[in-house]
>>> print(open('run-v7.cif').read())   # mmCIF, C-alpha atoms and all ligand atoms
data_my_file
loop_
_atom_site.label_atom_id
_atom_site.label_comp_id
_atom_site.auth_asym_id
_atom_site.auth_seq_id
_atom_site.Cartn_x
_atom_site.Cartn_y
_atom_site.Cartn_z
CA MET A 194 276.15 178.13 18.51
CA ALA A 195 276.20 181.00 16.05
CA SER A 196 273.91 181.18 13.09
CA ILE A 197 273.79 184.01 10.63
CA ALA A 198 271.46 182.80 8.07
CA THR A 199 267.80 182.60 7.29
CA ASP A 200 265.70 179.65 6.58
CA GLU A 201 264.41 178.86 3.16
CA LYS A 202 260.75 179.09 4.09
CA THR A 203 260.73 182.43 5.87
CA GLU A 204 263.47 184.22 3.92
CA GLU A 205 263.91 186.59 6.85
CA PRO A 206 266.99 188.79 6.73
CA VAL A 207 270.06 188.25 8.89
CA GLY A 208 270.89 190.90 11.42
CA THR A 209 273.07 193.30 9.47
CA ASP A 210 272.61 196.82 8.28
CA ASN A 211 272.75 196.10 4.57
CA VAL A 212 270.47 193.10 4.45
CA VAL A 213 266.93 193.72 3.31
CA LYS A 214 263.76 191.73 3.09
CA ALA A 215 263.02 189.89 -0.10
CA LYS A 216 261.57 192.12 -2.79
CA PRO A 217 259.65 191.23 -5.90
CA ALA A 218 262.07 189.94 -8.49
CA GLY A 219 263.37 192.61 -10.84
CA ASN A 220 266.32 193.05 -13.12
CA SER A 221 268.38 194.23 -10.18
CA LYS A 222 268.01 191.03 -8.14
CA LYS A 223 270.84 188.62 -8.82
CA LYS A 224 270.80 184.98 -7.83
CA LEU A 225 274.19 183.80 -6.54
CA LEU A 226 274.81 180.14 -5.75
CA LEU A 227 277.42 179.40 -3.11
CA MET A 228 278.40 175.75 -3.44
CA GLY A 229 281.16 173.34 -2.41
CA LYS A 230 281.67 170.40 -0.07
CA SER A 231 280.63 170.54 3.57
CA GLY A 232 283.17 172.36 5.72
CA SER A 233 284.84 174.09 2.76
CA GLY A 234 284.07 177.52 4.28
CA LYS A 235 281.03 178.90 2.40
CA THR A 236 279.03 180.16 5.37
CA SER A 237 282.22 181.50 6.98
CA MET A 238 283.04 183.75 4.05
CA ARG A 239 279.44 184.90 3.69
CA SER A 240 279.30 185.78 7.39
CA ILE A 241 282.53 187.78 7.24
CA ILE A 242 281.71 189.71 4.11
CA PHE A 243 278.00 190.33 4.64
CA ALA A 244 277.24 189.85 8.34
CA ASN A 245 280.13 191.52 10.15
CA TYR A 246 281.68 188.35 11.57
CA LEU A 247 285.30 188.25 12.60
CA ALA A 248 287.23 185.26 11.21
CA ARG A 249 287.49 183.61 14.61
CA ASP A 250 283.68 183.75 15.08
CA THR A 251 283.24 181.31 12.19
CA MET A 252 284.60 178.44 14.27
CA ARG A 253 281.22 178.40 16.03
CA LEU A 254 279.16 178.04 12.84
CA ALA A 255 277.05 174.92 12.46
CA ALA A 256 276.89 173.00 9.19
CA THR A 257 274.29 174.53 6.88
CA TYR A 258 271.10 172.55 6.60
CA ASP A 259 269.85 172.42 3.00
CA VAL A 260 269.85 175.95 1.48
CA GLU A 261 270.03 179.18 3.48
CA HIS A 262 268.85 182.25 1.62
CA SER A 263 269.82 185.82 2.31
CA HIS A 264 269.03 188.98 0.42
CA VAL A 265 271.69 191.61 0.62
CA ARG A 266 271.15 195.11 -0.66
CA PHE A 267 274.33 196.14 -2.36
CA LEU A 268 274.48 199.67 -3.73
CA GLY A 269 271.02 201.15 -4.13
CA ASN A 270 268.94 198.90 -6.32
CA LEU A 271 271.27 195.97 -6.61
CA VAL A 272 270.11 193.07 -4.45
CA LEU A 273 272.26 189.96 -4.09
CA ASN A 274 270.12 186.90 -3.55
CA LEU A 275 272.61 184.51 -1.95
CA TRP A 276 271.83 180.78 -1.88
CA ASP A 277 274.24 179.19 0.58
CA CYS A 278 273.88 175.50 -0.28
CA GLY A 279 274.83 173.15 2.57
CA GLY A 280 277.48 170.78 1.23
CA GLN A 281 276.69 167.46 2.88
CA ASP A 282 276.35 164.50 0.49
CA ALA A 283 272.61 164.03 0.98
CA PHE A 284 271.90 167.67 0.09
CA TYR A 285 274.02 167.43 -3.05
CA THR A 286 272.12 164.43 -4.25
CA ASN A 287 268.95 166.52 -3.94
CA TYR A 288 270.41 169.59 -5.63
CA LEU A 289 271.54 167.55 -8.61
CA LYS A 290 268.41 165.41 -8.86
CA SER A 291 265.02 166.34 -7.32
CA GLN A 292 265.79 170.07 -6.87
CA ARG A 293 267.88 170.48 -10.02
CA ASP A 294 265.70 173.06 -11.82
CA HIS A 295 264.87 174.97 -8.66
CA ILE A 296 268.53 175.35 -7.66
CA PHE A 297 270.22 175.93 -11.00
CA ARG A 298 267.60 178.03 -12.83
CA ASN A 299 268.12 181.80 -13.33
CA VAL A 300 271.57 181.77 -11.79
CA GLU A 301 273.63 184.89 -12.40
CA LEU A 302 276.76 183.59 -10.76
CA LEU A 303 278.04 180.32 -9.31
CA ILE A 304 280.69 180.61 -6.62
CA TYR A 305 282.23 177.20 -6.00
CA VAL A 306 284.43 176.84 -2.91
CA PHE A 307 287.19 174.19 -2.86
CA ASP A 308 288.82 173.29 0.45
CA ILE A 309 292.52 173.04 -0.39
CA GLU A 310 292.99 170.59 2.48
CA SER A 311 290.24 168.25 1.28
CA ARG A 312 291.17 164.60 1.59
CA ASN A 313 288.99 163.47 -1.27
CA VAL A 314 289.86 165.61 -4.28
CA GLU A 315 288.36 163.13 -6.70
CA LYS A 316 284.94 163.38 -5.06
CA ASP A 317 285.21 167.18 -4.89
CA PHE A 318 285.61 167.25 -8.66
CA GLU A 319 282.78 164.80 -9.18
CA TYR A 320 280.45 167.26 -7.39
CA TYR A 321 281.95 170.24 -9.15
CA LYS A 322 281.42 168.65 -12.54
CA GLY A 323 277.84 167.78 -11.58
CA CYS A 324 277.18 171.44 -10.72
CA ILE A 325 278.81 172.71 -13.91
CA ASP A 326 276.67 170.35 -16.01
CA ALA A 327 273.54 171.55 -14.20
CA ILE A 328 274.51 175.21 -14.68
CA ILE A 329 275.15 174.75 -18.40
CA GLU A 330 271.77 173.06 -18.71
CA ASN A 331 269.74 175.61 -16.71
CA SER A 332 271.59 178.96 -16.79
CA ASP A 333 273.97 178.84 -19.70
CA ASP A 334 275.08 182.47 -19.40
CA ALA A 335 275.96 182.26 -15.69
CA ARG A 336 279.48 183.28 -14.70
CA VAL A 337 281.53 180.90 -12.57
CA PHE A 338 284.02 181.79 -9.83
CA ALA A 339 286.09 179.06 -8.17
CA LEU A 340 287.57 179.93 -4.79
CA ILE A 341 290.51 177.76 -3.75
CA HIS A 342 290.01 178.27 -0.05
CA LYS A 343 291.83 177.83 3.29
CA MET A 344 295.12 178.76 1.63
CA ASP A 345 296.41 179.83 5.05
CA LEU A 346 296.91 176.10 5.71
CA ILE A 347 299.52 175.90 2.90
CA PRO A 348 303.07 177.16 3.61
CA VAL A 349 303.53 180.61 2.07
CA GLU A 350 306.30 179.54 -0.32
CA GLN A 351 304.14 176.76 -1.80
CA ARG A 352 300.91 178.77 -2.23
CA ASP A 353 301.42 179.97 -5.80
CA LYS A 354 302.40 176.53 -7.06
CA VAL A 355 299.55 174.76 -5.22
CA PHE A 356 297.10 177.35 -6.52
CA GLU A 357 298.30 177.02 -10.13
CA GLU A 358 297.95 173.24 -10.04
CA ARG A 359 294.47 173.34 -8.53
CA ALA A 360 293.31 176.10 -10.88
CA ASN A 361 294.46 174.02 -13.87
CA LEU A 362 292.52 171.03 -12.58
CA ILE A 363 289.42 173.19 -12.11
CA LYS A 364 289.67 174.53 -15.65
CA ALA A 365 290.06 171.02 -16.99
CA HIS A 366 286.78 170.05 -15.26
CA SER A 367 284.83 173.14 -16.33
CA GLN A 368 283.46 171.89 -19.68
CA GLY A 369 284.97 174.83 -21.55
CA LEU A 370 283.37 177.49 -19.30
CA ASP A 371 285.49 180.52 -18.56
CA VAL A 372 286.04 180.13 -14.82
CA SER A 373 287.75 182.80 -12.70
CA CYS A 374 289.91 181.22 -9.98
CA PHE A 375 291.04 182.94 -6.76
CA LYS A 376 293.05 181.76 -3.81
CA THR A 377 291.33 182.74 -0.58
CA SER A 378 291.49 182.55 3.19
CA ILE A 379 289.29 184.06 5.87
CA TRP A 380 292.48 184.93 7.75
CA ASP A 381 293.80 187.53 5.32
CA GLU A 382 292.82 190.05 2.68
CA THR A 383 292.57 187.50 -0.17
CA LEU A 384 288.89 187.01 0.71
CA TYR A 385 288.23 190.68 -0.07
CA LYS A 386 290.04 190.49 -3.38
CA ALA A 387 287.89 187.58 -4.55
CA TRP A 388 284.60 189.06 -3.35
CA SER A 389 285.38 192.51 -4.76
CA SER A 390 285.89 190.88 -8.16
CA ILE A 391 282.67 188.92 -7.77
CA VAL A 392 280.51 191.94 -6.98
CA HIS A 393 282.35 194.09 -9.52
CA SER A 394 281.29 191.62 -12.22
CA LEU A 395 277.65 192.12 -11.14
CA ILE A 396 277.53 195.90 -11.31
CA PRO A 397 276.02 197.15 -14.53
CA ASN A 398 276.98 200.68 -15.62
CA ILE A 399 280.30 200.34 -13.83
CA ASN A 400 281.94 202.27 -16.68
CA LEU A 401 279.92 205.34 -15.78
CA ILE A 402 281.30 205.28 -12.26
CA GLU A 403 284.82 204.45 -13.40
CA SER A 404 285.07 207.29 -15.88
CA ASN A 405 283.72 209.82 -13.39
CA LEU A 406 286.04 208.56 -10.69
CA ASN A 407 288.92 209.13 -13.09
CA LYS A 408 287.85 212.73 -13.60
CA PHE A 409 287.48 213.20 -9.87
CA CYS A 410 290.98 211.80 -9.28
CA GLN A 411 292.43 214.34 -11.70
CA VAL A 412 290.42 217.28 -10.33
CA CYS A 413 291.74 216.50 -6.83
CA SER A 414 295.35 216.09 -8.08
CA ALA A 415 295.20 212.78 -6.24
CA ASP A 416 297.50 209.80 -6.75
CA GLU A 417 294.59 207.46 -6.32
CA VAL A 418 290.88 207.39 -5.51
CA VAL A 419 289.03 204.27 -4.38
CA LEU A 420 285.30 203.73 -3.92
CA PHE A 421 284.19 201.18 -1.31
CA GLU A 422 280.71 199.79 -0.65
CA LYS A 423 279.68 201.09 2.75
CA ALA A 424 278.63 197.98 4.68
CA THR A 425 281.03 195.38 3.26
CA PHE A 426 283.94 197.68 2.38
CA LEU A 427 284.39 195.77 -0.86
CA VAL A 428 286.07 197.78 -3.63
CA ILE A 429 283.65 198.97 -6.28
CA SER A 430 285.91 201.05 -8.43
CA HIS A 431 289.23 202.89 -8.42
CA ALA A 432 291.18 205.45 -10.41
CA ARG A 433 294.81 206.48 -10.29
CA THR A 434 297.29 208.88 -11.79
CA LYS A 435 300.40 207.13 -10.38
CA GLU A 436 301.64 203.56 -10.33
CA HIS A 437 301.85 201.76 -7.02
CA ARG A 438 304.02 198.71 -6.36
CA ASP A 439 301.62 196.89 -3.99
CA VAL A 440 298.95 195.23 -6.13
CA HIS A 441 297.11 193.98 -3.04
CA ARG A 442 296.72 197.38 -1.39
CA PHE A 443 292.94 197.73 -1.91
CA GLU A 444 291.90 194.47 -0.33
CA LYS A 445 294.33 195.07 2.54
CA ILE A 446 292.56 198.36 3.19
CA SER A 447 289.11 196.71 2.92
CA ASN A 448 290.18 194.17 5.51
CA ILE A 449 291.78 196.69 7.90
CA ILE A 450 288.96 199.23 7.74
CA LYS A 451 286.25 196.58 8.11
CA GLN A 452 287.96 195.28 11.28
CA PHE A 453 288.41 198.84 12.51
CA LYS A 454 284.74 199.65 11.86
CA LEU A 455 283.72 196.58 13.83
CA SER A 456 285.96 197.61 16.73
CA CYS A 457 284.45 201.13 16.69
CA SER A 458 281.01 199.63 16.72
CA LYS A 459 281.84 197.29 19.63
CA ILE A 460 283.16 200.20 21.69
CA GLN A 461 280.08 202.21 20.79
CA SER A 462 277.77 199.42 21.91
CA GLN A 463 279.62 199.20 25.24
CA PHE A 464 278.62 202.79 25.85
CA ALA A 465 275.13 202.29 24.44
CA PRO A 466 274.21 198.67 25.25
CA GLY A 467 271.78 197.04 22.88
CA THR A 468 272.91 198.78 19.70
CA VAL A 469 273.65 196.57 16.71
CA GLY A 470 277.32 195.97 15.91
CA SER A 471 277.18 197.03 12.29
CA GLY A 472 280.12 199.41 12.18
CA ASP A 473 278.02 202.57 12.12
CA GLY A 474 280.35 204.32 14.58
CA PHE A 475 282.92 204.92 11.83
CA SER A 476 282.50 207.85 9.46
CA ALA A 477 285.90 209.26 8.49
CA MET A 478 289.64 208.83 8.92
CA ARG A 479 292.80 210.70 7.95
CA VAL A 480 296.23 209.09 7.84
CA ARG A 481 299.27 211.23 7.14
CA ASN A 482 303.00 210.55 6.93
CA SER A 483 305.96 212.12 5.14
CA ASN A 484 304.99 210.45 1.84
CA PHE A 485 301.24 210.81 1.53
CA THR A 486 297.89 211.79 3.02
CA ALA A 487 294.99 209.33 2.90
CA LEU A 488 291.47 210.55 3.52
CA ILE A 489 288.69 208.03 3.98
CA GLU A 490 285.24 209.60 4.18
CA GLU A 491 281.61 208.59 4.07
CA PHE A 492 280.60 209.51 0.53
CA THR A 493 277.23 208.64 -0.98
CA THR A 494 274.38 206.75 0.73
CA ASN A 495 276.07 203.42 0.01
CA THR A 496 279.75 204.22 -0.32
CA PHE A 497 282.94 205.42 1.29
CA ILE A 498 285.65 207.13 -0.71
CA MET A 499 289.41 207.09 -0.17
CA VAL A 500 291.62 209.81 -1.67
CA ILE A 501 295.41 209.44 -1.60
CA THR A 502 297.66 212.43 -2.30
CA SER A 503 301.42 212.69 -2.22
CA ASP A 504 301.46 216.35 -3.25
CA ASP A 505 301.74 218.17 0.08
CA THR A 506 300.59 221.46 -1.44
CA VAL A 507 297.11 219.95 -1.77
CA GLN A 508 295.29 220.74 1.47
CA PRO A 509 293.03 218.06 3.01
CA ALA A 510 290.33 220.74 3.45
CA VAL A 511 290.27 221.25 -0.33
CA ILE A 512 289.93 217.53 -0.96
CA ARG A 513 287.17 217.31 1.61
CA ASN A 514 285.39 220.12 -0.18
CA ASN A 515 285.75 218.32 -3.52
CA ILE A 516 284.36 215.15 -1.96
CA LYS A 517 281.35 217.09 -0.72
CA GLU A 518 280.79 218.63 -4.15
CA ALA A 519 281.04 215.27 -5.92
CA GLN A 520 278.65 213.47 -3.54
CA LYS A 521 275.38 214.39 -5.19
CA HIS A 522 276.67 213.55 -8.67
CA PHE A 523 277.90 210.13 -7.62
CA ASP A 524 274.67 209.48 -5.73
CA GLN A 525 272.92 209.89 -9.10
CA TYR A 526 275.34 207.58 -10.95
CA ILE A 527 275.00 204.93 -8.27
CA LYS A 528 271.20 205.14 -8.36
CA GLN A 529 271.42 204.09 -11.98
CA ILE A 530 273.13 200.86 -11.00
CA GLY A 531 270.97 197.83 -11.35
CA ILE A 532 268.10 199.55 -13.15
P1 LIG B 601 278.46 173.34 5.16
O1 LIG B 601 277.51 174.34 5.70
O2 LIG B 601 278.39 172.04 5.89
O3 LIG B 601 278.32 173.12 3.68
O4 LIG B 601 279.96 173.90 5.39
P2 LIG B 601 280.53 175.35 4.99
O5 LIG B 601 281.15 175.26 3.64
O6 LIG B 601 279.49 176.39 5.18
O7 LIG B 601 281.72 175.52 6.05
P3 LIG B 601 281.80 176.58 7.24
O8 LIG B 601 281.77 177.96 6.72
O9 LIG B 601 280.78 176.21 8.26
O10 LIG B 601 283.30 176.32 7.77
C1 LIG B 601 283.76 175.13 8.31
C2 LIG B 601 285.01 175.41 9.13
O11 LIG B 601 286.07 175.88 8.31
C3 LIG B 601 284.83 176.47 10.24
O12 LIG B 601 285.38 175.95 11.44
C4 LIG B 601 285.64 177.66 9.77
O13 LIG B 601 286.22 178.41 10.84
C5 LIG B 601 286.72 176.98 8.92
N1 LIG B 601 287.24 177.87 7.86
C6 LIG B 601 286.52 178.62 6.98
N2 LIG B 601 287.31 179.31 6.17
C7 LIG B 601 288.59 179.00 6.53
C8 LIG B 601 289.88 179.42 6.06
O14 LIG B 601 290.06 180.23 5.14
N3 LIG B 601 290.97 178.86 6.67
C9 LIG B 601 290.86 177.97 7.70
N4 LIG B 601 291.99 177.50 8.24
N5 LIG B 601 289.66 177.57 8.18
C10 LIG B 601 288.54 178.08 7.61
MG MG B 602 277.54 176.35 5.72
#
>>> encode(input="run-v7.cif", output="structure tokens", more="lines below")
Ligand code: GTP
Ligand code: MG
Amino acid sequence: MASIATDEKTEEPVGTDNVVKAKPAGNSKKKLLLMGKSGSGKTSMRSIIFANYLARDTMRLAATYDVEHSHVRFLGNLVLNLWDCGGQDAFYTNYLKSQRDHIFRNVELLIYVFDIESRNVEKDFEYYKGCIDAIIENSDDARVFALIHKMDLIPVEQRDKVFEERANLIKAHSQGLDVSCFKTSIWDETLYKAWSSIVHSLIPNINLIESNLNKFCQVCSADEVVLFEKATFLVISHARTKEHRDVHRFEKISNIIKQFKLSCSKIQSQFAPGTVGSGDGFSAMRVRNSNFTALIEEFTTNTFIMVITSDDTVQPAVIRNNIKEAQKHFDQYIKQIGI
């Protein structure tokens, strides 16, 4: 049986490249609660985003016992302190009663996962409301994300309508809090869209990166430039000079490249048995067709960059040179994150 997580007492890291040991609390350490009924998919999404699981591997996950903590270093000084709260009834009673302060204090962000196929919607909302009350009481400035999950189980043509209805219900039970709702599934790129938005909302000084990425995009005469976090491949920031019709293109790329990185790493470990499958075998990629060139390169210590150009007079070597020149500057900007 697979298990990715750590136990509450030891707080040892899980086996991934971007997970670090617990550090003394500082401004840069953010407490994230991952809550929702048992079987809704919390540990699955955490394992895929932060511990290099493939979606099919999650079928072997056991139910989470009580709370599993993991500390994930995300961009330099930013450490995500994830509390994956097992969703069985007995645990919930504890979270809302005897452990109420301990669980809901100092929360930066609550991520509540709803299983769209749940047979007991009324009870789901009873728990949700309980958690919202506890958050308002203990961490009144926490942000709330609601993930309407397992959307792959709903026929494609009904997804938007089902999502709208459920999102309206969630808002009605949120005591006036401004809740961001996403439809998600571990089987497609929607998971990356939701988690990119979640981490984006946690990055202080994001404007500094955004404005410099805009300048970089113009200097390169690029159509678009996207910055990805290295280990998770979540989108941190993007800039563009041209419109693009596919609004889901970034999370599709996150999903594809993450899978590709994992495949590279598996092949690498076949040649060098015993190495960790963290995706380290991947460092750059160039895709070219008659319409555009896409360069994806390792950029700063914690990021990859993707530069898209449709102007075929712009040579890839020039872009690569620009990327190299920009590296040290962006390393500095990113170091300022979380301080
Ligand atoms: P507790 O630890 O008991 O609170 O449950 P959990 O919320 O952590 O659920 P878990 O991640 O263990 O997932 C339960 C089951 O749901 C697993 O078999 C997953 O493969 C499955 N699952 C997770 N996400 C999805 C999804 O998006 N779609 C579908 N169809 N199944 C999913
Ligand atoms: Mg779990």
>>> residues_near_ligand(input="run-v7.cif", ligand="ligand MG 602 (chain B)", cutoff="8 Å", atoms="all atoms listed in the file", output="list in words")
Ser231, Gly232, Gly234, Lys235, Thr236, Ser237, Leu254, Ala255, Ala256, Thr257, Tyr258, Asp277, Cys278, Gly279 and Gly280 of chain A
>>> residues_near_point(input="run-v7.cif", point="(276.2, 191.4, -12.9)", cutoff="9 Å", atoms="all atoms listed in the file", output="ChimeraX atom specification")
/A:221,223,301-302,336,391-397,531
>>> residues_near_point(input="run-v7.cif", point="(295.8, 209.5, -6.7)", cutoff="8 Å", atoms="only C-alpha atoms", output="VMD selection string")
chain A and resid 410 to 411 414 to 418 432 to 435 500 to 503
>>> closest_atom_pairs(input="run-v7.cif", of="chain A", to="ligand LIG 601 (chain B)", cutoff="10 Å", atoms="only C-alpha atoms and all ligand atoms", output="JSON lines")
{"residue": "A:Ser196", "atom": "CA", "partner": "B:LIG601", "partner_atom": "O9", "distance": 9.8}
{"residue": "A:Leu227", "atom": "CA", "partner": "B:LIG601", "partner_atom": "O5", "distance": 8.8}
{"residue": "A:Met228", "atom": "CA", "partner": "B:LIG601", "partner_atom": "O3", "distance": 7.6}
{"residue": "A:Gly229", "atom": "CA", "partner": "B:LIG601", "partner_atom": "O5", "distance": 6.3}
{"residue": "A:Lys230", "atom": "CA", "partner": "B:LIG601", "partner_atom": "O3", "distance": 5.7}
{"residue": "A:Ser231", "atom": "CA", "partner": "B:LIG601", "partner_atom": "O3", "distance": 3.5}
{"residue": "A:Gly232", "atom": "CA", "partner": "B:LIG601", "partner_atom": "O7", "distance": 3.5}
{"residue": "A:Ser233", "atom": "CA", "partner": "B:LIG601", "partner_atom": "O5", "distance": 4.0}
{"residue": "A:Gly234", "atom": "CA", "partner": "B:LIG601", "partner_atom": "O8", "distance": 3.4}
{"residue": "A:Lys235", "atom": "CA", "partner": "B:LIG601", "partner_atom": "O5", "distance": 3.8}
{"residue": "A:Thr236", "atom": "CA", "partner": "B:LIG601", "partner_atom": "O8", "distance": 3.8}
{"residue": "A:Ser237", "atom": "CA", "partner": "B:LIG601", "partner_atom": "O8", "distance": 3.6}
{"residue": "A:Met238", "atom": "CA", "partner": "B:LIG601", "partner_atom": "O8", "distance": 6.5}
{"residue": "A:Arg239", "atom": "CA", "partner": "B:LIG601", "partner_atom": "O8", "distance": 7.9}
{"residue": "A:Ser240", "atom": "CA", "partner": "B:LIG601", "partner_atom": "O8", "distance": 8.2}
{"residue": "A:Ile241", "atom": "CA", "partner": "B:LIG601", "partner_atom": "N2", "distance": 9.8}
{"residue": "A:Ala248", "atom": "CA", "partner": "B:LIG601", "partner_atom": "O13", "distance": 6.9}
{"residue": "A:Arg249", "atom": "CA", "partner": "B:LIG601", "partner_atom": "O13", "distance": 6.5}
{"residue": "A:Asp250", "atom": "CA", "partner": "B:LIG601", "partner_atom": "O13", "distance": 7.3}
{"residue": "A:Thr251", "atom": "CA", "partner": "B:LIG601", "partner_atom": "O13", "distance": 4.4}
{"residue": "A:Met252", "atom": "CA", "partner": "B:LIG601", "partner_atom": "O13", "distance": 3.8}
{"residue": "A:Arg253", "atom": "CA", "partner": "B:LIG601", "partner_atom": "O12", "distance": 6.7}
{"residue": "A:Leu254", "atom": "CA", "partner": "B:LIG601", "partner_atom": "O9", "distance": 5.2}
{"residue": "A:Ala255", "atom": "CA", "partner": "B:LIG601", "partner_atom": "O9", "distance": 5.8}
{"residue": "A:Ala256", "atom": "CA", "partner": "B:LIG601", "partner_atom": "O2", "distance": 3.7}
{"residue": "A:Thr257", "atom": "CA", "partner": "B:LIG601", "partner_atom": "O1", "distance": 3.4}
{"residue": "A:Tyr258", "atom": "CA", "partner": "B:LIG601", "partner_atom": "O1", "distance": 6.7}
{"residue": "A:Asp259", "atom": "CA", "partner": "B:LIG601", "partner_atom": "O1", "distance": 8.3}
{"residue": "A:Val260", "atom": "CA", "partner": "B:LIG601", "partner_atom": "O1", "distance": 8.9}
{"residue": "A:Glu261", "atom": "CA", "partner": "B:LIG601", "partner_atom": "O1", "distance": 9.2}
{"residue": "A:Asp277", "atom": "CA", "partner": "B:LIG601", "partner_atom": "O6", "distance": 7.5}
{"residue": "A:Cys278", "atom": "CA", "partner": "B:LIG601", "partner_atom": "O3", "distance": 6.4}
{"residue": "A:Gly279", "atom": "CA", "partner": "B:LIG601", "partner_atom": "O3", "distance": 3.7}
{"residue": "A:Gly280", "atom": "CA", "partner": "B:LIG601", "partner_atom": "O3", "distance": 3.5}
{"residue": "A:Gln281", "atom": "CA", "partner": "B:LIG601", "partner_atom": "O2", "distance": 5.7}
{"residue": "A:Asp282", "atom": "CA", "partner": "B:LIG601", "partner_atom": "O3", "distance": 9.4}
{"residue": "A:Phe284", "atom": "CA", "partner": "B:LIG601", "partner_atom": "O3", "distance": 9.2}
{"residue": "A:Tyr285", "atom": "CA", "partner": "B:LIG601", "partner_atom": "O3", "distance": 9.8}
{"residue": "A:Tyr305", "atom": "CA", "partner": "B:LIG601", "partner_atom": "O5", "distance": 9.9}
{"residue": "A:Val306", "atom": "CA", "partner": "B:LIG601", "partner_atom": "O5", "distance": 7.5}
{"residue": "A:Phe307", "atom": "CA", "partner": "B:LIG601", "partner_atom": "O5", "distance": 8.9}
{"residue": "A:Asp308", "atom": "CA", "partner": "B:LIG601", "partner_atom": "C7", "distance": 8.3}
{"residue": "A:Ile309", "atom": "CA", "partner": "B:LIG601", "partner_atom": "N3", "distance": 9.3}
{"residue": "A:Glu310", "atom": "CA", "partner": "B:LIG601", "partner_atom": "N4", "distance": 9.1}
{"residue": "A:Ile341", "atom": "CA", "partner": "B:LIG601", "partner_atom": "O14", "distance": 9.2}
{"residue": "A:His342", "atom": "CA", "partner": "B:LIG601", "partner_atom": "O14", "distance": 5.5}
{"residue": "A:Lys343", "atom": "CA", "partner": "B:LIG601", "partner_atom": "O14", "distance": 3.5}
{"residue": "A:Met344", "atom": "CA", "partner": "B:LIG601", "partner_atom": "O14", "distance": 6.3}
{"residue": "A:Asp345", "atom": "CA", "partner": "B:LIG601", "partner_atom": "N3", "distance": 5.8}
{"residue": "A:Leu346", "atom": "CA", "partner": "B:LIG601", "partner_atom": "N4", "distance": 5.7}
{"residue": "A:Ile347", "atom": "CA", "partner": "B:LIG601", "partner_atom": "N4", "distance": 9.4}
{"residue": "A:Lys376", "atom": "CA", "partner": "B:LIG601", "partner_atom": "O14", "distance": 9.6}
{"residue": "A:Thr377", "atom": "CA", "partner": "B:LIG601", "partner_atom": "O14", "distance": 6.4}
{"residue": "A:Ser378", "atom": "CA", "partner": "B:LIG601", "partner_atom": "O14", "distance": 3.4}
{"residue": "A:Ile379", "atom": "CA", "partner": "B:LIG601", "partner_atom": "O14", "distance": 4.0}
{"residue": "A:Trp380", "atom": "CA", "partner": "B:LIG601", "partner_atom": "O14", "distance": 5.9}
{"residue": "A:Asp381", "atom": "CA", "partner": "B:LIG601", "partner_atom": "O14", "distance": 8.2}
{"residue": "A:Thr383", "atom": "CA", "partner": "B:LIG601", "partner_atom": "O14", "distance": 9.3}
{"residue": "A:Leu384", "atom": "CA", "partner": "B:LIG601", "partner_atom": "O14", "distance": 8.2}
>>> closest_atom_pairs(input="run-v7.cif", of="region 433-504 of chain A", to="region 514-525 of chain A", cutoff="10 Å", atoms="all atoms listed in the file", output="JSON lines")
{"residue": "A:Glu490", "atom": "CA", "partner": "A:Ile516", "partner_atom": "CA", "distance": 8.3}
{"residue": "A:Glu491", "atom": "CA", "partner": "A:Ile516", "partner_atom": "CA", "distance": 9.3}
{"residue": "A:Phe492", "atom": "CA", "partner": "A:Gln520", "partner_atom": "CA", "distance": 6.0}
{"residue": "A:Thr493", "atom": "CA", "partner": "A:Asp524", "partner_atom": "CA", "distance": 5.5}
{"residue": "A:Thr494", "atom": "CA", "partner": "A:Asp524", "partner_atom": "CA", "distance": 7.0}
{"residue": "A:Asn495", "atom": "CA", "partner": "A:Asp524", "partner_atom": "CA", "distance": 8.5}
{"residue": "A:Thr496", "atom": "CA", "partner": "A:Asp524", "partner_atom": "CA", "distance": 9.1}
{"residue": "A:Ile498", "atom": "CA", "partner": "A:Ile516", "partner_atom": "CA", "distance": 8.2}
{"residue": "A:Met499", "atom": "CA", "partner": "A:Ile516", "partner_atom": "CA", "distance": 9.7}
{"residue": "A:Val500", "atom": "CA", "partner": "A:Ile516", "partner_atom": "CA", "distance": 9.0}
>>> closest_residue(input="run-v7.cif", among="A:Leu225, A:Leu406, A:Ile449, A:Leu275", to="Ser332 (chain A)", atoms="all atoms listed in the file")
A:Leu225
>>> closest_residue(input="run-v7.cif", among="A:Glu422, A:Ser263, A:Ala339, A:Leu226", to="Phe297 (chain A)", atoms="only C-alpha atoms")
A:Leu226
>>> atom_distance(input="run-v7.cif", atom1="CA of Lys386 (chain A)", atom2="CA of Asp326 (chain A)")
27.3 Å
>>> atom_distance(input="run-v7.cif", atom1="CA of Phe267 (chain A)", atom2="CA of Ala327 (chain A)")
27.3 Å
>>> residues_around(input="run-v7.cif", residues="Leu401 (chain A)", least_positions_apart="6", cutoff="10 Å", atoms="only C-alpha atoms", output="PyMOL selection string")
chain A and resi 523+526-527+529-530
>>> atom_distance(input="run-v7.cif", atom1="CA of Ile242 (chain A)", atom2="CA of Ile489 (chain A)")
19.6 Å
>>> closest_residue(input="run-v7.cif", among="A:Val419, A:Ala335, A:Ile363, A:Ile460", to="Tyr321 (chain A)", atoms="all atoms listed in the file")
A:Ile363
>>> closest_residue(input="run-v7.cif", among="A:Ile328, A:Val412, A:Ala283, A:Ile429", to="Val300 (chain A)", atoms="all atoms listed in the file")
A:Ile328
>>> closest_residue(input="run-v7.cif", among="A:Leu420, A:Lys222, A:Ile325, A:Arg438", to="Leu273 (chain A)", atoms="only C-alpha atoms")
A:Lys222
>>> closest_residue(input="run-v7.cif", among="A:Lys454, A:Lys528, A:Arg359, A:Arg298", to="Val314 (chain A)", atoms="only C-alpha atoms")
A:Arg359
